[in-house]
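Undergrad: Starting off with a structure, shown below.
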Amino acid sequence: MRAMKIGLCGFGIAALCGIVAFGQGEAVHKPGPTDKIMVITSAEVDASAQQLAATKKATNQFVHEDKYNFEVRRLVGRQPILMHVRKSDFMVIREGEGTYQYGGELIDPKPGGGGDEGDKHADSVRGAMTRVLKPGDVIFVPAGLPHGFIEIKDHITFVMTRYDTK
C-alpha cells in the first residue's frame, strides 16, 4: 500500500512538472533531438495554443537552443517592433489575423528583443511596409530587418522557428 502511495505521488509530481514545463514561456534550454526527427502534430499545436490562451502566456517553446528555437506563439494586441542581429524568423500563421510591419528604421531603439547581444526593439519604425497576415500565410524575416505585429484582431497564433543565419 505504501509503495502504491509513493508511486502515485511520484506520478503526480512528474505530471505537475510536465504541465509547468509545457506552459513555460521563458527561454529555458530545451535541446532538440539529435538522433531522430521531431514531429509535433496539428492537434499538439492546437493544444499548445489553447494552453497559451488559458494561461495568458505568449510562447510555448518546444526546442530552445543557443542558435535556434522552435515554438508556438499566441499574441494579443500591438507588439514591439523587433530587430535581430543574427537570427531570422520563419513563421506559419495558424489562426487569427494581424497587420505585420517590416523594414524601415527603428525609432528610438532600445536593447533587447531576441536574446542576442545587439538585438533591439522599438515602439515604432520609419519607412516600414505593412501586410495583413492570415491563417495559412508563411513568412520569412531575415536577420537585421525590423518587424512585428502592430495590430492584431483578437489574437494571432503561429508556429515559428528562429535560427542563426549570420
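Ligands are numbered from 1 in the order shown, chains are lettered A, B, ... in the order of the C-alpha cells, and residues start at 1 in each chain.
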Do you know which residues are at most 12 Å from Ser42 in chain A counting only C-alpha atoms, after dropping those on the same chain fewer than 6 positions away, and could you put them as a short mmCIF file (atom, residue, chain, number, x, y, z; two decimals) with C-alpha atoms, in the first residue's frame?
TA:
data_model
loop_
_atom_site.label_atom_id
_atom_site.label_comp_id
_atom_site.auth_asym_id
_atom_site.auth_seq_id
_atom_site.Cartn_x
_atom_site.Cartn_y
_atom_site.Cartn_z
CA SER A 48 -0.40 24.39 -27.10
CA ALA A 49 -2.32 27.41 -28.42
CA VAL A 72 4.16 28.21 -30.84
CA ARG A 94 -2.32 29.09 -37.77
CA PHE A 158 1.65 30.90 -35.31
CA VAL A 159 4.37 28.28 -35.34
#
Undergrad: Tell me which protein, DNA and RNA residues are within 6 Å of range 60-67 of chain A, counting only C-alpha atoms, leaving out same-chain ones fewer than 4 positions away, and put them as JSON, numbers by chain.
TA: {"A": [25, 29, 30, 31, 32, 71, 72, 163, 164]}
Undergrad: Would you list the contacts of Leu75 in chain A as a ChimeraX atom specification, taking every protein, DNA or RNA residue within 6 Å and counting only C-alpha atoms, but skipping same-chain residues closer than 2 positions in sequence?
TA: /A:58,155-156
Undergrad: For Gly103 in chain A, which residue among A:Val28, A:Val39, A:Thr161, A:Leu145 is the nearest when counting only C-alpha atoms?
TA: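 That would be A:Leu145, the residue with the smallest distance to Gly103 in chain A.
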